$ cat final-v6.txt   # compact mmCIF, C-alpha atoms
# COMPACT_ATOMS: atom_id res chain seq x y z
CA MET A 544 116.43 73.69 111.28
CA GLU A 545 113.13 74.25 109.54
CA MET A 546 112.71 70.49 109.35
CA VAL A 547 113.20 70.14 113.11
CA ILE A 548 110.63 72.85 113.84
CA PHE A 549 108.22 71.19 111.44
CA TRP A 550 108.55 67.81 113.09
CA VAL A 551 108.16 69.23 116.59
CA LEU A 552 105.08 71.26 115.63
CA ALA A 553 103.58 68.36 113.68
CA ALA A 554 104.12 65.91 116.54
CA VAL A 555 102.59 68.27 119.09
CA ALA A 556 99.67 69.06 116.76
CA VAL A 557 98.88 65.38 116.20
CA GLY A 558 99.35 64.63 119.89
CA ALA A 559 97.01 67.45 120.89
CA ALA A 560 94.45 66.30 118.31
CA VAL A 561 94.54 62.80 119.78
CA GLY A 562 94.24 64.38 123.20
CA VAL A 563 91.07 66.22 122.16
CA VAL A 564 89.55 62.93 121.02
CA ALA A 565 90.78 60.80 123.90
CA GLN A 566 90.11 63.06 126.88
CA ARG A 567 86.97 62.22 128.79
CA SER A 568 86.55 65.71 130.22
CA ALA A 569 85.38 68.42 127.84
CA VAL A 570 87.47 71.10 129.57
CA ARG A 571 90.66 69.14 128.93
CA SER A 572 89.59 68.57 125.35
CA ALA A 573 89.20 72.33 124.91
CA LEU A 574 92.66 72.96 126.37
CA PHE A 575 94.19 70.38 124.03
CA LEU A 576 92.36 72.14 121.21
CA LEU A 577 94.10 75.36 122.22
CA VAL A 578 97.51 73.68 121.97
CA HIS A 579 96.49 72.22 118.61
CA PHE A 580 95.50 75.62 117.20
CA CYS A 581 98.73 77.23 118.40
CA CYS A 582 100.79 74.51 116.71
CA LEU A 583 98.88 75.08 113.47
CA ALA A 584 99.66 78.80 113.74
CA GLY A 585 103.34 77.88 113.99
CA LEU A 586 103.03 75.70 110.90
CA TYR A 587 101.39 78.60 109.04
CA ILE A 588 104.39 80.79 109.90
CA LEU A 589 106.67 78.06 108.54
CA LEU A 590 104.58 78.18 105.36
CA ASN A 591 105.16 81.94 105.10
CA ALA A 592 101.54 82.81 105.88
CA GLN A 593 102.19 85.15 108.79
CA PHE A 594 98.90 87.01 108.54
CA VAL A 595 96.86 83.81 108.56
CA ALA A 596 98.91 82.59 111.53
CA LEU A 597 98.05 85.78 113.40
CA VAL A 598 94.37 85.43 112.53
CA GLN A 599 94.52 81.78 113.61
CA VAL A 600 95.78 82.76 117.05
CA LEU A 601 93.28 85.60 117.39
CA ILE A 602 90.17 83.82 116.09
CA TYR A 603 90.71 80.19 116.98
CA ALA A 604 92.99 80.21 119.99
CA GLY A 605 91.45 83.44 121.22
CA ALA A 606 87.77 83.48 120.44
CA VAL A 607 86.70 79.94 119.55
CA VAL A 608 88.40 78.11 122.42
CA VAL A 609 87.16 80.72 124.89
CA LEU A 610 83.65 80.24 123.52
CA PHE A 611 83.98 76.47 123.95
CA LEU A 612 85.25 76.84 127.50
CA PHE A 613 82.48 79.31 128.24
CA VAL A 614 79.80 76.87 127.10
CA VAL A 615 81.43 74.00 129.02
CA MET A 616 81.31 76.13 132.16
CA LEU A 617 77.76 77.26 131.37
CA LEU A 618 76.52 73.68 131.10
CA GLY A 619 78.07 72.80 134.42
CA VAL A 620 80.93 70.48 135.21
CA GLU A 621 80.96 67.81 132.56
CA ARG A 622 80.40 64.32 133.82
CA ALA A 623 82.90 61.84 132.49
CA GLU A 624 81.37 60.08 129.53
CA GLU A 625 80.27 56.58 130.40
CA LEU A 626 81.28 54.13 127.74
CA PRO A 627 79.17 50.98 127.89
CA ASP A 628 80.33 47.87 126.10
CA LEU A 629 77.97 48.52 123.21
CA ARG A 630 79.97 51.57 122.25
CA ARG A 631 83.23 49.65 122.12
CA VAL A 632 82.10 48.30 118.77
CA GLN A 633 81.30 51.81 117.66
CA GLN A 634 84.78 52.95 118.70
CA ILE A 635 86.51 50.18 116.79
CA VAL A 636 84.41 50.68 113.67
CA GLY A 637 84.85 54.45 113.90
CA GLY A 638 88.61 54.09 114.21
CA LEU A 639 88.78 51.75 111.23
CA LEU A 640 86.68 54.12 109.14
CA ALA A 641 88.98 57.00 110.08
CA VAL A 642 92.05 55.01 109.03
CA LEU A 643 90.33 54.24 105.74
CA LEU A 644 89.57 57.93 105.30
CA LEU A 645 93.20 58.78 106.04
CA ALA A 646 94.36 56.33 103.38
CA GLY A 647 91.94 57.83 100.88
CA ILE A 648 92.93 61.43 101.54
CA ALA A 649 96.64 60.62 101.54
CA TRP A 650 96.28 58.79 98.25
CA ALA A 651 94.38 61.72 96.75
CA PHE A 652 96.99 64.21 97.94
CA LEU A 653 99.99 62.23 96.81
CA ALA A 654 98.48 61.23 93.49
CA THR A 655 97.39 64.73 92.53
CA GLY A 656 99.22 67.14 94.85
CA PRO A 657 102.10 69.27 93.68
CA GLY A 658 105.39 67.50 94.12
CA PRO A 659 108.41 69.34 95.50
CA ALA A 660 109.27 70.37 91.95
CA ALA A 661 105.77 71.26 90.80
CA ALA A 662 105.46 73.74 88.02
CA PRO A 663 104.50 77.13 89.48
CA GLY A 664 101.53 77.25 87.14
CA PRO A 665 100.45 80.35 85.30
CA PRO A 666 102.08 83.56 86.50
CA SER A 667 100.15 84.64 89.55
CA ARG A 668 98.21 87.85 89.66
CA TRP A 669 98.90 88.08 93.37
CA SER A 670 102.62 87.78 93.57
CA GLY A 671 104.29 88.45 96.86
CA VAL A 672 103.32 85.42 98.92
CA GLY A 673 106.92 84.84 99.78
CA LYS A 674 107.60 88.45 100.60
CA ALA A 675 107.17 90.01 104.00
CA GLY A 676 104.30 92.22 102.84
CA SER A 677 101.99 89.26 102.41
CA VAL A 678 99.19 91.16 104.17
CA GLN A 679 99.24 93.63 101.30
CA ALA A 680 98.76 90.88 98.74
CA ILE A 681 95.94 89.27 100.76
CA GLY A 682 94.21 92.61 101.17
CA ALA A 683 94.49 93.37 97.48
CA ALA A 684 93.02 89.99 96.58
CA LEU A 685 90.25 90.23 99.18
CA LEU A 686 89.09 93.66 98.11
CA THR A 687 89.29 93.20 94.35
CA ALA A 688 88.77 89.69 92.99
CA TYR A 689 87.17 88.33 96.18
CA ALA A 690 85.19 91.39 97.20
CA VAL A 691 81.83 89.64 96.87
CA PRO A 692 82.73 86.62 99.05
CA PHE A 693 84.31 89.04 101.51
CA GLU A 694 81.11 91.06 101.84
CA MET A 695 79.03 87.89 102.01
CA ALA A 696 81.19 86.70 104.90
CA ALA A 697 80.25 89.90 106.71
CA VAL A 698 76.56 89.20 106.11
CA LEU A 699 77.05 85.59 107.23
CA LEU A 700 78.62 86.74 110.49
CA LEU A 701 75.71 89.09 111.10
CA VAL A 702 73.24 86.26 110.47
CA ALA A 703 75.22 84.04 112.83
CA ILE A 704 75.12 86.66 115.59
CA VAL A 705 71.35 87.08 115.26
CA GLY A 706 70.81 83.32 115.02
CA ALA A 707 72.93 82.59 118.07
CA ILE A 708 71.06 85.16 120.15
CA VAL A 709 67.66 83.86 119.04
CA LEU A 710 68.65 80.23 119.71
CA ALA A 711 70.23 80.87 123.07
CA LYS A 712 67.44 83.08 124.36
CA SER A 713 65.46 81.25 126.96
CA ARG A 714 61.92 80.37 126.08
CA LEU A 715 60.55 82.07 129.16
CA GLU A 716 61.69 85.50 128.06
CA ARG A 717 59.73 85.45 124.85
CA MET B 1031 112.57 73.66 103.05
CA VAL B 1032 110.04 71.05 104.11
CA PRO B 1033 108.48 69.32 101.09
CA PRO B 1034 104.81 70.23 100.59
CA SER B 1035 103.81 66.58 100.67
CA TYR B 1036 104.79 66.41 104.37
CA TYR B 1037 102.33 69.18 105.15
CA LEU B 1038 99.66 67.48 103.06
CA ILE B 1039 100.15 64.17 104.88
CA LEU B 1040 100.02 66.00 108.21
CA SER B 1041 96.79 67.63 107.08
CA ALA B 1042 95.35 64.25 106.13
CA VAL B 1043 96.34 62.80 109.52
CA LEU B 1044 94.74 65.69 111.41
CA PHE B 1045 91.59 65.40 109.32
CA ALA B 1046 91.40 61.66 110.02
CA VAL B 1047 91.86 62.23 113.75
CA GLY B 1048 89.04 64.75 113.69
CA ALA B 1049 86.82 62.37 111.74
CA ALA B 1050 87.60 59.59 114.20
CA GLY B 1051 86.59 61.91 117.01
CA VAL B 1052 83.27 62.67 115.35
CA LEU B 1053 82.65 58.95 114.89
CA VAL B 1054 83.72 57.88 118.37
CA ARG B 1055 82.74 60.63 120.77
CA ARG B 1056 79.18 61.34 121.87
CA ASN B 1057 79.55 64.66 123.66
CA ALA B 1058 78.16 67.41 121.42
CA LEU B 1059 80.83 69.89 122.51
CA VAL B 1060 83.66 67.50 121.72
CA LEU B 1061 82.05 66.75 118.36
CA PHE B 1062 82.20 70.47 117.61
CA MET B 1063 85.86 70.59 118.59
CA CYS B 1064 86.55 67.70 116.22
CA VAL B 1065 84.72 69.48 113.40
CA GLU B 1066 86.91 72.51 114.05
CA MET B 1067 90.00 70.30 113.84
CA MET B 1068 88.83 68.98 110.47
CA LEU B 1069 88.32 72.54 109.20
CA ASN B 1070 91.81 73.40 110.39
CA ALA B 1071 93.26 70.41 108.59
CA ALA B 1072 91.62 71.64 105.39
CA ASN B 1073 93.05 75.11 106.05
CA LEU B 1074 96.51 73.63 106.42
CA ALA B 1075 96.18 71.92 103.04
CA LEU B 1076 94.99 75.16 101.44
CA ILE B 1077 97.93 77.13 102.84
CA THR B 1078 100.32 74.42 101.73
CA TYR B 1079 99.01 74.71 98.20
CA SER B 1080 99.17 78.50 98.45
CA ARG B 1081 102.86 78.18 99.36
CA ALA B 1082 103.67 75.53 96.78
CA LEU B 1083 102.01 77.43 93.95
CA GLU B 1084 103.30 80.83 95.16
CA ASP B 1085 99.79 82.19 95.05
CA VAL B 1086 97.97 84.15 97.73
CA GLU B 1087 94.50 82.92 96.80
CA GLY B 1088 94.76 79.89 99.09
CA GLN B 1089 95.21 82.22 102.04
CA VAL B 1090 92.14 84.19 100.96
CA PHE B 1091 90.14 80.96 101.01
CA VAL B 1092 91.48 80.18 104.47
CA LEU B 1093 90.32 83.54 105.78
CA LEU B 1094 86.85 82.92 104.38
CA VAL B 1095 86.80 79.41 105.88
CA MET B 1096 87.71 80.94 109.24
CA ALA B 1097 84.79 83.38 108.96
CA VAL B 1098 82.42 80.51 108.19
CA ALA B 1099 83.87 78.44 111.04
CA ALA B 1100 83.40 81.29 113.49
CA ALA B 1101 79.76 81.64 112.43
CA GLU B 1102 79.32 77.87 112.69
CA VAL B 1103 80.73 77.79 116.22
CA ALA B 1104 78.47 80.63 117.37
CA VAL B 1105 75.30 79.03 116.02
CA GLY B 1106 76.36 75.48 116.92
CA LEU B 1107 77.12 76.30 120.52
CA ALA B 1108 73.80 78.12 120.80
CA ILE B 1109 72.13 74.93 119.54
CA VAL B 1110 74.04 72.87 122.11
CA VAL B 1111 72.95 75.23 124.88
CA SER B 1112 69.31 75.03 123.85
CA LEU B 1113 69.55 71.23 123.52
CA TYR B 1114 70.97 71.11 127.01
CA ARG B 1115 68.11 73.25 128.21
CA HIS B 1116 65.65 70.86 126.60
CA LYS B 1117 67.15 67.72 128.08
CA ALA B 1118 69.91 68.19 130.61
CA THR B 1119 72.65 66.40 128.72
CA ALA B 1120 75.09 67.13 125.92
CA ASP B 1121 75.19 63.47 124.86
CA VAL B 1122 74.02 63.34 121.24
CA ASP B 1123 72.66 59.79 121.68
CA GLU B 1124 70.15 61.10 124.21
CA HIS B 1125 68.65 63.55 121.74
CA ASP B 1126 66.87 60.99 119.58
CA ARG B 1127 63.30 62.23 119.49
CA LEU B 1128 63.23 62.35 115.68
CA ARG B 1129 64.41 58.74 115.49
CA ASP B 1130 61.25 57.23 116.93
CA TRP B 1131 59.41 56.98 113.63
CA VAL B 1132 61.82 54.27 112.48
CA THR B 1133 61.26 51.90 115.36

$ encode --input "final-v6.txt" --output "structure tokens"
Amino acid sequence: MEMVIFWVLAAVAVGAAVGVVAQRSAVRSALFLLVHFCCLAGLYILLNAQFVALVQVLIYAGAVVVLFLFVVMLLGVERAEELPDLRRVQQIVGGLLAVLLLAGIAWAFLATGPGPAAAPGPPSRWSGVGKAGSVQAIGAALLTAYAVPFEMAAVLLLVAIVGAIVLAKSRLER
Amino acid sequence: MVPPSYYLILSAVLFAVGAAGVLVRRNALVLFMCVEMMLNAANLALITYSRALEDVEGQVFVLLVMAVAAAEVAVGLAIVVSLYRHKATADVDEHDRLRDWVT
């Protein structure tokens, strides 16, 4: 059963990713991106990361896609991209490079990744990934061992807010 | 139980699709979407490792990556808006003012 769900989610995720790349209209690309993010949230649940799946839906499917759609609407209806013949070469070369990249990453994963019977490694300080209270374990890790990165993420978000406002402010208002 | 390698291969495929999009597409907004897809593929690999090693640290990394990605989207879209204001197009090939010193 889990296998079936995995294959369905994986197929839809890859299909939506291809849709994002192949669609001429930016609005449709954003909607495919939404489907893609939701499928990834499903995969996270399969991987027993319920909290991350929830955050994925809230942040990516909720905030990021809405932001994308908002900017697409702000910039007016997107004209379909014209693809002159010159760019055909670029498409072919880009596709080949991506396939090469895929081969490289897959080789790296399969050569070094943990097999199905990988040793669990040293006993984890943060046990409880498999348990239902995974939020508790994440919170404990975030606020003890990873407290500094956590606080720096807060500062980064503040900087991003200020930067976005400064960049998007029209020159006339200054 | 799905073997972790399946998830890793899926992550590699999604990353490659995103990279292909960055290489092929010219619309700045779609390029951003493809970058987001690549970040998500990396997140999927991190969560897979987190599951395979029974360790929650991978999920902590994913949360931090999401924070960085959210900041990146906010600033990036602001840049796209101001580029559009400068020259009324989101096509990255049109914004080539800094390229002129080569030719």

$ atom_distance --input "final-v6.txt" --atom1 "atom CA of A:Val705" --atom2 "atom CA of A:Val615"
21.5 Å

$ closest_atom_pairs --input "final-v6.txt" --of "stretch 1050-1107 of chain B" --to "stretch 598-604 of chain A" --cutoff "10 Å" --atoms "only C-alpha atoms" --output "Markdown table"
| residue | atom | partner | partner_atom | distance |
| --- | --- | --- | --- | --- |
| B:Glu1066 | CA | A:Tyr603 | CA | 9.1 |
| B:Asn1070 | CA | A:Gln599 | CA | 9.4 |
| B:Val1092 | CA | A:Gln599 | CA | 9.8 |
| B:Leu1093 | CA | A:Val598 | CA | 8.1 |
| B:Met1096 | CA | A:Ile602 | CA | 7.8 |
| B:Ala1097 | CA | A:Ile602 | CA | 8.9 |
| B:Ala1099 | CA | A:Tyr603 | CA | 9.2 |
| B:Ala1100 | CA | A:Ile602 | CA | 7.7 |

$ residues_around --input "final-v6.txt" --residues "B:Ala1071" --least-positions-apart "6" --cutoff "7 Å" --atoms "only C-alpha atoms" --output "VMD selection string"
chain B and resid 1041 to 1042 1044 to 1045

$ closest_residue --input "final-v6.txt" --among "B:Leu1038, B:Val1043, B:Ala1050, B:Val1060" --to "A:Val570" --atoms "all atoms listed in the file"
B:Val1060

$ closest_residue --input "final-v6.txt" --among "A:Leu699, A:Val551, A:Ala711, A:Ser677" --to "B:Leu1094" --atoms "only C-alpha atoms"
A:Leu699

$ closest_residue --input "final-v6.txt" --among "B:Val1090, B:Ala1108, B:Ala1120, B:Ala1075" --to "B:Tyr1036" --atoms "all atoms listed in the file"
B:Ala1075

$ interface_residues --input "final-v6.txt" --of "chain B" --to "chain A" --cutoff "8 Å" --atoms "all atoms listed in the file" --output "PyMOL selection string"
chain B and resi 1031-1035+1038-1040+1042-1051+1053-1055+1057+1059-1060+1063-1064+1067+1070+1074+1077-1079+1081-1087+1089-1090+1092-1094+1096-1098+1100-1109+1111-1112+1114

$ write_last_selection --input "final-v6.txt" --atoms "C-alpha atoms" --output "PDB file, keeping the file's coordinate frame"
ATOM      1  CA  MET B1031     112.570  73.660 103.050  1.00  0.00           C
ATOM      2  CA  VAL B1032     110.040  71.050 104.110  1.00  0.00           C
ATOM      3  CA  PRO B1033     108.480  69.320 101.090  1.00  0.00           C
ATOM      4  CA  PRO B1034     104.810  70.230 100.590  1.00  0.00           C
ATOM      5  CA  SER B1035     103.810  66.580 100.670  1.00  0.00           C
ATOM      6  CA  LEU B1038      99.660  67.480 103.060  1.00  0.00           C
ATOM      7  CA  ILE B1039     100.150  64.170 104.880  1.00  0.00           C
ATOM      8  CA  LEU B1040     100.020  66.000 108.210  1.00  0.00           C
ATOM      9  CA  ALA B1042      95.350  64.250 106.130  1.00  0.00           C
ATOM     10  CA  VAL B1043      96.340  62.800 109.520  1.00  0.00           C
ATOM     11  CA  LEU B1044      94.740  65.690 111.410  1.00  0.00           C
ATOM     12  CA  PHE B1045      91.590  65.400 109.320  1.00  0.00           C
ATOM     13  CA  ALA B1046      91.400  61.660 110.020  1.00  0.00           C
ATOM     14  CA  VAL B1047      91.860  62.230 113.750  1.00  0.00           C
ATOM     15  CA  GLY B1048      89.040  64.750 113.690  1.00  0.00           C
ATOM     16  CA  ALA B1049      86.820  62.370 111.740  1.00  0.00           C
ATOM     17  CA  ALA B1050      87.600  59.590 114.200  1.00  0.00           C
ATOM     18  CA  GLY B1051      86.590  61.910 117.010  1.00  0.00           C
ATOM     19  CA  LEU B1053      82.650  58.950 114.890  1.00  0.00           C
ATOM     20  CA  VAL B1054      83.720  57.880 118.370  1.00  0.00           C
ATOM     21  CA  ARG B1055      82.740  60.630 120.770  1.00  0.00           C
ATOM     22  CA  ASN B1057      79.550  64.660 123.660  1.00  0.00           C
ATOM     23  CA  LEU B1059      80.830  69.890 122.510  1.00  0.00           C
ATOM     24  CA  VAL B1060      83.660  67.500 121.720  1.00  0.00           C
ATOM     25  CA  MET B1063      85.860  70.590 118.590  1.00  0.00           C
ATOM     26  CA  CYS B1064      86.550  67.700 116.220  1.00  0.00           C
ATOM     27  CA  MET B1067      90.000  70.300 113.840  1.00  0.00           C
ATOM     28  CA  ASN B1070      91.810  73.400 110.390  1.00  0.00           C
ATOM     29  CA  LEU B1074      96.510  73.630 106.420  1.00  0.00           C
ATOM     30  CA  ILE B1077      97.930  77.130 102.840  1.00  0.00           C
ATOM     31  CA  THR B1078     100.320  74.420 101.730  1.00  0.00           C
ATOM     32  CA  TYR B1079      99.010  74.710  98.200  1.00  0.00           C
ATOM     33  CA  ARG B1081     102.860  78.180  99.360  1.00  0.00           C
ATOM     34  CA  ALA B1082     103.670  75.530  96.780  1.00  0.00           C
ATOM     35  CA  LEU B1083     102.010  77.430  93.950  1.00  0.00           C
ATOM     36  CA  GLU B1084     103.300  80.830  95.160  1.00  0.00           C
ATOM     37  CA  ASP B1085      99.790  82.190  95.050  1.00  0.00           C
ATOM     38  CA  VAL B1086      97.970  84.150  97.730  1.00  0.00           C
ATOM     39  CA  GLU B1087      94.500  82.920  96.800  1.00  0.00           C
ATOM     40  CA  GLN B1089      95.210  82.220 102.040  1.00  0.00           C
ATOM     41  CA  VAL B1090      92.140  84.190 100.960  1.00  0.00           C
ATOM     42  CA  VAL B1092      91.480  80.180 104.470  1.00  0.00           C
ATOM     43  CA  LEU B1093      90.320  83.540 105.780  1.00  0.00           C
ATOM     44  CA  LEU B1094      86.850  82.920 104.380  1.00  0.00           C
ATOM     45  CA  MET B1096      87.710  80.940 109.240  1.00  0.00           C
ATOM     46  CA  ALA B1097      84.790  83.380 108.960  1.00  0.00           C
ATOM     47  CA  VAL B1098      82.420  80.510 108.190  1.00  0.00           C
ATOM     48  CA  ALA B1100      83.400  81.290 113.490  1.00  0.00           C
ATOM     49  CA  ALA B1101      79.760  81.640 112.430  1.00  0.00           C
ATOM     50  CA  GLU B1102      79.320  77.870 112.690  1.00  0.00           C
ATOM     51  CA  VAL B1103      80.730  77.790 116.220  1.00  0.00           C
ATOM     52  CA  ALA B1104      78.470  80.630 117.370  1.00  0.00           C
ATOM     53  CA  VAL B1105      75.300  79.030 116.020  1.00  0.00           C
ATOM     54  CA  GLY B1106      76.360  75.480 116.920  1.00  0.00           C
ATOM     55  CA  LEU B1107      77.120  76.300 120.520  1.00  0.00           C
ATOM     56  CA  ALA B1108      73.800  78.120 120.800  1.00  0.00           C
ATOM     57  CA  ILE B1109      72.130  74.930 119.540  1.00  0.00           C
ATOM     58  CA  VAL B1111      72.950  75.230 124.880  1.00  0.00           C
ATOM     59  CA  SER B1112      69.310  75.030 123.850  1.00  0.00           C
ATOM     60  CA  TYR B1114      70.970  71.110 127.010  1.00  0.00           C
TER      61      TYR B1114
END

$ atom_distance --input "final-v6.txt" --atom1 "atom CA of B:Ala1058" --atom2 "atom CA of B:Arg1127"
15.9 Å

$ atom_distance --input "final-v6.txt" --atom1 "atom CA of A:Arg571" --atom2 "atom CA of B:His1116"
25.2 Å

$ decode --input "final-v6.txt" --residues "stretch 1085-1104 of chain B" --atoms "N, CA, C and O atoms" --output "short mmCIF file (atom, residue, chain, number, x, y, z; two decimals), in the first residue's frame"
data_model
loop_
_atom_site.label_atom_id
_atom_site.label_comp_id
_atom_site.auth_asym_id
_atom_site.auth_seq_id
_atom_site.Cartn_x
_atom_site.Cartn_y
_atom_site.Cartn_z
N ASP B 1085 17.07 9.91 12.70
CA ASP B 1085 17.64 11.07 13.38
C ASP B 1085 16.85 12.30 12.96
O ASP B 1085 16.54 12.48 11.80
N VAL B 1086 16.54 13.15 13.91
CA VAL B 1086 15.65 14.27 13.61
C VAL B 1086 16.41 15.47 13.04
O VAL B 1086 15.81 16.43 12.58
N GLU B 1087 17.74 15.39 13.02
CA GLU B 1087 18.51 16.57 12.61
C GLU B 1087 18.25 16.94 11.16
O GLU B 1087 18.26 18.13 10.82
N GLY B 1088 18.01 15.95 10.30
CA GLY B 1088 17.70 16.26 8.91
C GLY B 1088 16.48 17.14 8.80
O GLY B 1088 16.44 18.07 7.98
N GLN B 1089 15.49 16.88 9.64
CA GLN B 1089 14.27 17.70 9.59
C GLN B 1089 14.54 19.11 10.08
O GLN B 1089 13.95 20.08 9.58
N VAL B 1090 15.47 19.24 11.04
CA VAL B 1090 15.85 20.59 11.49
C VAL B 1090 16.48 21.36 10.34
O VAL B 1090 16.14 22.53 10.08
N PHE B 1091 17.36 20.68 9.59
CA PHE B 1091 17.98 21.34 8.43
C PHE B 1091 16.91 21.77 7.43
O PHE B 1091 16.99 22.86 6.86
N VAL B 1092 15.92 20.89 7.21
CA VAL B 1092 14.88 21.23 6.24
C VAL B 1092 14.13 22.48 6.67
O VAL B 1092 13.83 23.36 5.85
N LEU B 1093 13.85 22.58 7.96
CA LEU B 1093 13.13 23.78 8.43
C LEU B 1093 13.98 25.03 8.19
O LEU B 1093 13.45 26.07 7.76
N LEU B 1094 15.28 24.92 8.43
CA LEU B 1094 16.14 26.09 8.18
C LEU B 1094 16.21 26.41 6.70
O LEU B 1094 16.18 27.58 6.30
N VAL B 1095 16.28 25.36 5.85
CA VAL B 1095 16.28 25.60 4.40
C VAL B 1095 15.00 26.31 3.99
O VAL B 1095 15.01 27.22 3.15
N MET B 1096 13.88 25.90 4.59
CA MET B 1096 12.61 26.55 4.23
C MET B 1096 12.63 28.02 4.62
O MET B 1096 12.12 28.87 3.88
N ALA B 1097 13.23 28.34 5.78
CA ALA B 1097 13.31 29.76 6.18
C ALA B 1097 14.14 30.53 5.18
O ALA B 1097 13.74 31.63 4.73
N VAL B 1098 15.29 29.95 4.77
CA VAL B 1098 16.13 30.64 3.80
C VAL B 1098 15.40 30.78 2.46
O VAL B 1098 15.47 31.83 1.80
N ALA B 1099 14.66 29.74 2.06
CA ALA B 1099 13.95 29.79 0.79
C ALA B 1099 12.87 30.86 0.82
O ALA B 1099 12.67 31.57 -0.18
N ALA B 1100 12.19 30.99 1.96
CA ALA B 1100 11.16 32.02 2.05
C ALA B 1100 11.78 33.40 1.92
O ALA B 1100 11.27 34.26 1.18
N ALA B 1101 12.92 33.61 2.59
CA ALA B 1101 13.60 34.90 2.47
C ALA B 1101 14.04 35.15 1.04
O ALA B 1101 13.89 36.26 0.50
N GLU B 1102 14.54 34.08 0.40
CA GLU B 1102 15.02 34.21 -0.98
C GLU B 1102 13.88 34.59 -1.93
O GLU B 1102 14.05 35.44 -2.81
N VAL B 1103 12.71 33.97 -1.72
CA VAL B 1103 11.57 34.29 -2.59
C VAL B 1103 11.15 35.74 -2.40
O VAL B 1103 10.91 36.45 -3.39
N ALA B 1104 11.12 36.19 -1.14
CA ALA B 1104 10.67 37.57 -0.90
C ALA B 1104 11.60 38.56 -1.60
O ALA B 1104 11.15 39.43 -2.36
#
